[in-house]
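**Q** Dropping a structure here in structure tokens format, bear with me for questions.
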Amino acid sequence: MLVKKIIGKEVIGAHGNKIGKISDFDIDVVSARVKYAVISAGFGTKYKIKLDDIVTVGDTVIIRFNEEDLKKSSPKSK
């Protein structure tokens with residue numbers, strides 16, 4: 001799937017709650033691989049999730065976590 005088809009999609013957490021939107025991807029330039037998808041959750045809050053934590057991509061992106069889990073464990077995005 002092309003990145004441009006995922007950026008801007010709404011992200012839904014494990015409990016069905018809206019978390020934000022996919023805003024970017026963090027790429028490791030040495031390995032040329034995507035490390036994280038970046039979720040913009042509003043008010044400048046951003047979370048990073050590994051691609052393995054994405055359950056499905058359709059009209060929305062569903063992830064394995066709820067927002068509270070992301071607050072505790074997500075690497076912070078700059």
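Starting from 1 in every chain, residues are counted up; chains themselves are A, B, ... following the order of the structure tokens, and ligands are numbered from 1 as listed.
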Could you name the residues that touch Ile19 in chain A at 8 Å or less, counting only C-alpha atoms, but leaving out those on the same chain fewer than 3 positions away, as a ChimeraX atom specification?
**A** /A:10-13,39,41,66-67
**Q** Hey, what's within 10 Å of Lys71 in chain A if we count only C-alpha atoms and toss same-chain stuff fewer than 5 positions away? As a PDB file with C-alpha atoms, in the first residue's frame, please?
**A**
```
ATOM      1  CA  THR A  45       0.364  15.410  20.785  1.00  0.00           C
ATOM      2  CA  LYS A  46       1.968  12.761  18.594  1.00  0.00           C
ATOM      3  CA  TYR A  47       2.514   9.069  19.160  1.00  0.00           C
ATOM      4  CA  ASN A  66      -5.961   2.496  23.365  1.00  0.00           C
ATOM      5  CA  LYS A  76       7.602  10.551  21.571  1.00  0.00           C
TER       6      LYS A  76
END
```
**Q** Determine, counting only C-alpha atoms, which protein, DNA and RNA residues have an atom within 12 Å of an atom of Val61 in chain A; residues of the same chain fewer than 4 positions away are not included. Present the result as a PyMOL selection string.
**A** chain A and resi 5-14+16-23+37-39+49+51+53-57+65
**Q** Return the single residue from A:Lys35, A:Asp26, A:Glu68, A:His15 that is closest to Asp52 in chain A, with distances computed using only C-alpha atoms.
**A**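 The shortest atom-to-atom distance to Asp52 in chain A comes from A:Lys35.
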**Q** When DSSP works through the backbone of this structure, what residues of chain A end up as strand (DSSP E), shown as number ranges by chain?
**A** A: 10-12, 18-28, 33-42, 45-49, 54-57, 61-63
**Q** Could you write those residues out with N, CA and C atoms, as an mmCIF file, in the first residue's frame?
**A**
```cif
data_model
loop_
_atom_site.group_PDB
_atom_site.id
_atom_site.type_symbol
_atom_site.label_atom_id
_atom_site.label_comp_id
_atom_site.auth_asym_id
_atom_site.auth_seq_id
_atom_site.Cartn_x
_atom_site.Cartn_y
_atom_site.Cartn_z
ATOM 1 N N GLU A 10 -8.076 8.233 9.790
ATOM 2 C CA GLU A 10 -8.407 8.248 11.207
ATOM 3 C C GLU A 10 -7.901 6.967 11.877
ATOM 4 N N VAL A 11 -7.370 7.115 13.096
ATOM 5 C CA VAL A 11 -6.860 5.978 13.865
ATOM 6 C C VAL A 11 -7.837 5.658 14.985
ATOM 7 N N ILE A 12 -8.219 4.387 15.063
ATOM 8 C CA ILE A 12 -9.149 3.901 16.073
ATOM 9 C C ILE A 12 -8.391 2.960 17.010
ATOM 10 N N LYS A 18 -11.629 6.979 18.996
ATOM 11 C CA LYS A 18 -10.834 7.728 18.023
ATOM 12 C C LYS A 18 -9.616 8.304 18.735
ATOM 13 N N ILE A 19 -8.432 8.060 18.160
ATOM 14 C CA ILE A 19 -7.197 8.561 18.763
ATOM 15 C C ILE A 19 -6.656 9.766 18.008
ATOM 16 N N GLY A 20 -6.737 9.741 16.708
ATOM 17 C CA GLY A 20 -6.193 10.828 15.897
ATOM 18 C C GLY A 20 -6.114 10.393 14.449
ATOM 19 N N LYS A 21 -5.084 10.878 13.754
ATOM 20 C CA LYS A 21 -4.893 10.534 12.341
ATOM 21 C C LYS A 21 -3.431 10.206 12.082
ATOM 22 N N ILE A 22 -3.199 9.334 11.112
ATOM 23 C CA ILE A 22 -1.829 9.057 10.680
ATOM 24 C C ILE A 22 -1.323 10.317 9.997
ATOM 25 N N SER A 23 -0.201 10.843 10.495
ATOM 26 C CA SER A 23 0.312 12.100 9.946
ATOM 27 C C SER A 23 1.655 11.952 9.245
ATOM 28 N N ASP A 24 2.370 10.868 9.536
ATOM 29 C CA ASP A 24 3.718 10.740 8.973
ATOM 30 C C ASP A 24 4.235 9.340 9.237
ATOM 31 N N PHE A 25 5.430 9.074 8.736
ATOM 32 C CA PHE A 25 6.137 7.826 9.001
ATOM 33 C C PHE A 25 7.570 8.159 9.361
ATOM 34 N N ASP A 26 8.122 7.417 10.307
ATOM 35 C CA ASP A 26 9.509 7.583 10.737
ATOM 36 C C ASP A 26 10.318 6.487 10.047
ATOM 37 N N ILE A 27 11.276 6.894 9.228
ATOM 38 C CA ILE A 27 12.045 5.943 8.423
ATOM 39 C C ILE A 27 13.487 5.904 8.892
ATOM 40 N N ASP A 28 14.024 4.697 9.029
ATOM 41 C CA ASP A 28 15.439 4.494 9.327
ATOM 42 C C ASP A 28 16.181 4.596 7.994
ATOM 43 N N ARG A 33 13.995 1.325 5.971
ATOM 44 C CA ARG A 33 12.744 0.695 6.414
ATOM 45 C C ARG A 33 11.946 1.656 7.295
ATOM 46 N N VAL A 34 10.643 1.488 7.249
ATOM 47 C CA VAL A 34 9.772 2.289 8.107
ATOM 48 C C VAL A 34 9.871 1.754 9.532
ATOM 49 N N LYS A 35 10.197 2.634 10.477
ATOM 50 C CA LYS A 35 10.281 2.236 11.886
ATOM 51 C C LYS A 35 8.938 2.399 12.581
ATOM 52 N N TYR A 36 8.271 3.525 12.341
ATOM 53 C CA TYR A 36 7.031 3.838 13.037
ATOM 54 C C TYR A 36 6.067 4.587 12.121
ATOM 55 N N ALA A 37 4.783 4.431 12.430
ATOM 56 C CA ALA A 37 3.751 5.315 11.905
ATOM 57 C C ALA A 37 3.534 6.377 12.979
ATOM 58 N N VAL A 38 3.352 7.620 12.586
ATOM 59 C CA VAL A 38 3.148 8.715 13.536
ATOM 60 C C VAL A 38 1.661 9.081 13.546
ATOM 61 N N ILE A 39 1.101 9.110 14.753
ATOM 62 C CA ILE A 39 -0.295 9.483 14.941
ATOM 63 C C ILE A 39 -0.345 10.876 15.547
ATOM 64 N N SER A 40 -1.044 11.802 14.890
ATOM 65 C CA SER A 40 -1.294 13.132 15.458
ATOM 66 C C SER A 40 -2.621 13.051 16.197
ATOM 67 N N ALA A 41 -2.559 13.326 17.505
ATOM 68 C CA ALA A 41 -3.743 13.176 18.346
ATOM 69 C C ALA A 41 -4.340 14.517 18.771
ATOM 70 N N GLY A 42 -3.892 15.590 18.163
ATOM 71 C CA GLY A 42 -4.435 16.899 18.498
ATOM 72 C C GLY A 42 -3.634 17.609 19.561
ATOM 73 N N THR A 45 0.007 16.741 20.284
ATOM 74 C CA THR A 45 0.364 15.410 20.785
ATOM 75 C C THR A 45 0.552 14.449 19.616
ATOM 76 N N LYS A 46 1.687 13.761 19.625
ATOM 77 C CA LYS A 46 1.968 12.761 18.594
ATOM 78 C C LYS A 46 2.479 11.500 19.252
ATOM 79 N N TYR A 47 2.068 10.370 18.694
ATOM 80 C CA TYR A 47 2.514 9.069 19.160
ATOM 81 C C TYR A 47 3.141 8.317 17.993
ATOM 82 N N LYS A 48 4.085 7.440 18.310
ATOM 83 C CA LYS A 48 4.658 6.563 17.290
ATOM 84 C C LYS A 48 4.263 5.130 17.606
ATOM 85 N N ILE A 49 3.870 4.393 16.564
ATOM 86 C CA ILE A 49 3.563 2.977 16.746
ATOM 87 C C ILE A 49 4.301 2.172 15.690
ATOM 88 N N ILE A 54 -0.429 -2.215 13.972
ATOM 89 C CA ILE A 54 -1.611 -1.877 13.175
ATOM 90 C C ILE A 54 -2.354 -3.170 12.885
ATOM 91 N N VAL A 55 -3.625 -3.209 13.266
ATOM 92 C CA VAL A 55 -4.433 -4.410 13.072
ATOM 93 C C VAL A 55 -4.977 -4.463 11.655
ATOM 94 N N THR A 56 -5.579 -3.371 11.189
ATOM 95 C CA THR A 56 -6.104 -3.315 9.835
ATOM 96 C C THR A 56 -6.074 -1.884 9.313
ATOM 97 N N VAL A 57 -6.023 -1.802 7.990
ATOM 98 C CA VAL A 57 -6.112 -0.511 7.310
ATOM 99 C C VAL A 57 -7.245 -0.629 6.299
ATOM 100 N N VAL A 61 -7.724 3.288 10.323
ATOM 101 C CA VAL A 61 -6.601 2.457 10.762
ATOM 102 C C VAL A 61 -6.909 2.009 12.188
ATOM 103 N N ILE A 62 -6.966 0.706 12.400
ATOM 104 C CA ILE A 62 -7.255 0.171 13.724
ATOM 105 C C ILE A 62 -5.956 -0.358 14.315
ATOM 106 N N ILE A 63 -5.682 0.054 15.564
ATOM 107 C CA ILE A 63 -4.437 -0.358 16.217
ATOM 108 C C ILE A 63 -4.739 -1.201 17.466
#
```
**Q** When DSSP works through the backbone of this structure, what residues of chain A end up as alpha helix (DSSP H), shown as a list in words?
**A**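 Taking chain A and keeping alpha helix (DSSP H) gives Glu67, Glu68, Asp69, Leu70, Lys71, Lys72 and Ser73 of chain A.
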**Q** Take the residues from that selection and put them in a file with N, CA and C atoms, as a PDB file, in the first residue's frame.
**A**
```pdb
ATOM      1  N   GLU A  67      -5.587   4.871  23.760  1.00  0.00           N
ATOM      2  CA  GLU A  67      -4.752   6.068  23.910  1.00  0.00           C
ATOM      3  C   GLU A  67      -3.980   6.068  25.226  1.00  0.00           C
ATOM      4  N   GLU A  68      -4.549   5.531  26.280  1.00  0.00           N
ATOM      5  CA  GLU A  68      -3.837   5.471  27.564  1.00  0.00           C
ATOM      6  C   GLU A  68      -2.576   4.622  27.442  1.00  0.00           C
ATOM      7  N   ASP A  69      -2.660   3.498  26.715  1.00  0.00           N
ATOM      8  CA  ASP A  69      -1.476   2.656  26.486  1.00  0.00           C
ATOM      9  C   ASP A  69      -0.410   3.437  25.726  1.00  0.00           C
ATOM     10  N   LEU A  70      -0.840   4.204  24.719  1.00  0.00           N
ATOM     11  CA  LEU A  70       0.111   4.984  23.923  1.00  0.00           C
ATOM     12  C   LEU A  70       0.804   6.044  24.767  1.00  0.00           C
ATOM     13  N   LYS A  71       0.067   6.666  25.661  1.00  0.00           N
ATOM     14  CA  LYS A  71       0.648   7.698  26.527  1.00  0.00           C
ATOM     15  C   LYS A  71       1.772   7.123  27.379  1.00  0.00           C
ATOM     16  N   LYS A  72       1.633   5.879  27.781  1.00  0.00           N
ATOM     17  CA  LYS A  72       2.618   5.224  28.650  1.00  0.00           C
ATOM     18  C   LYS A  72       3.813   4.676  27.889  1.00  0.00           C
ATOM     19  N   SER A  73       3.598   4.168  26.663  1.00  0.00           N
ATOM     20  CA  SER A  73       4.646   3.391  26.033  1.00  0.00           C
ATOM     21  C   SER A  73       5.185   3.906  24.696  1.00  0.00           C
TER      22      SER A  73
END
```
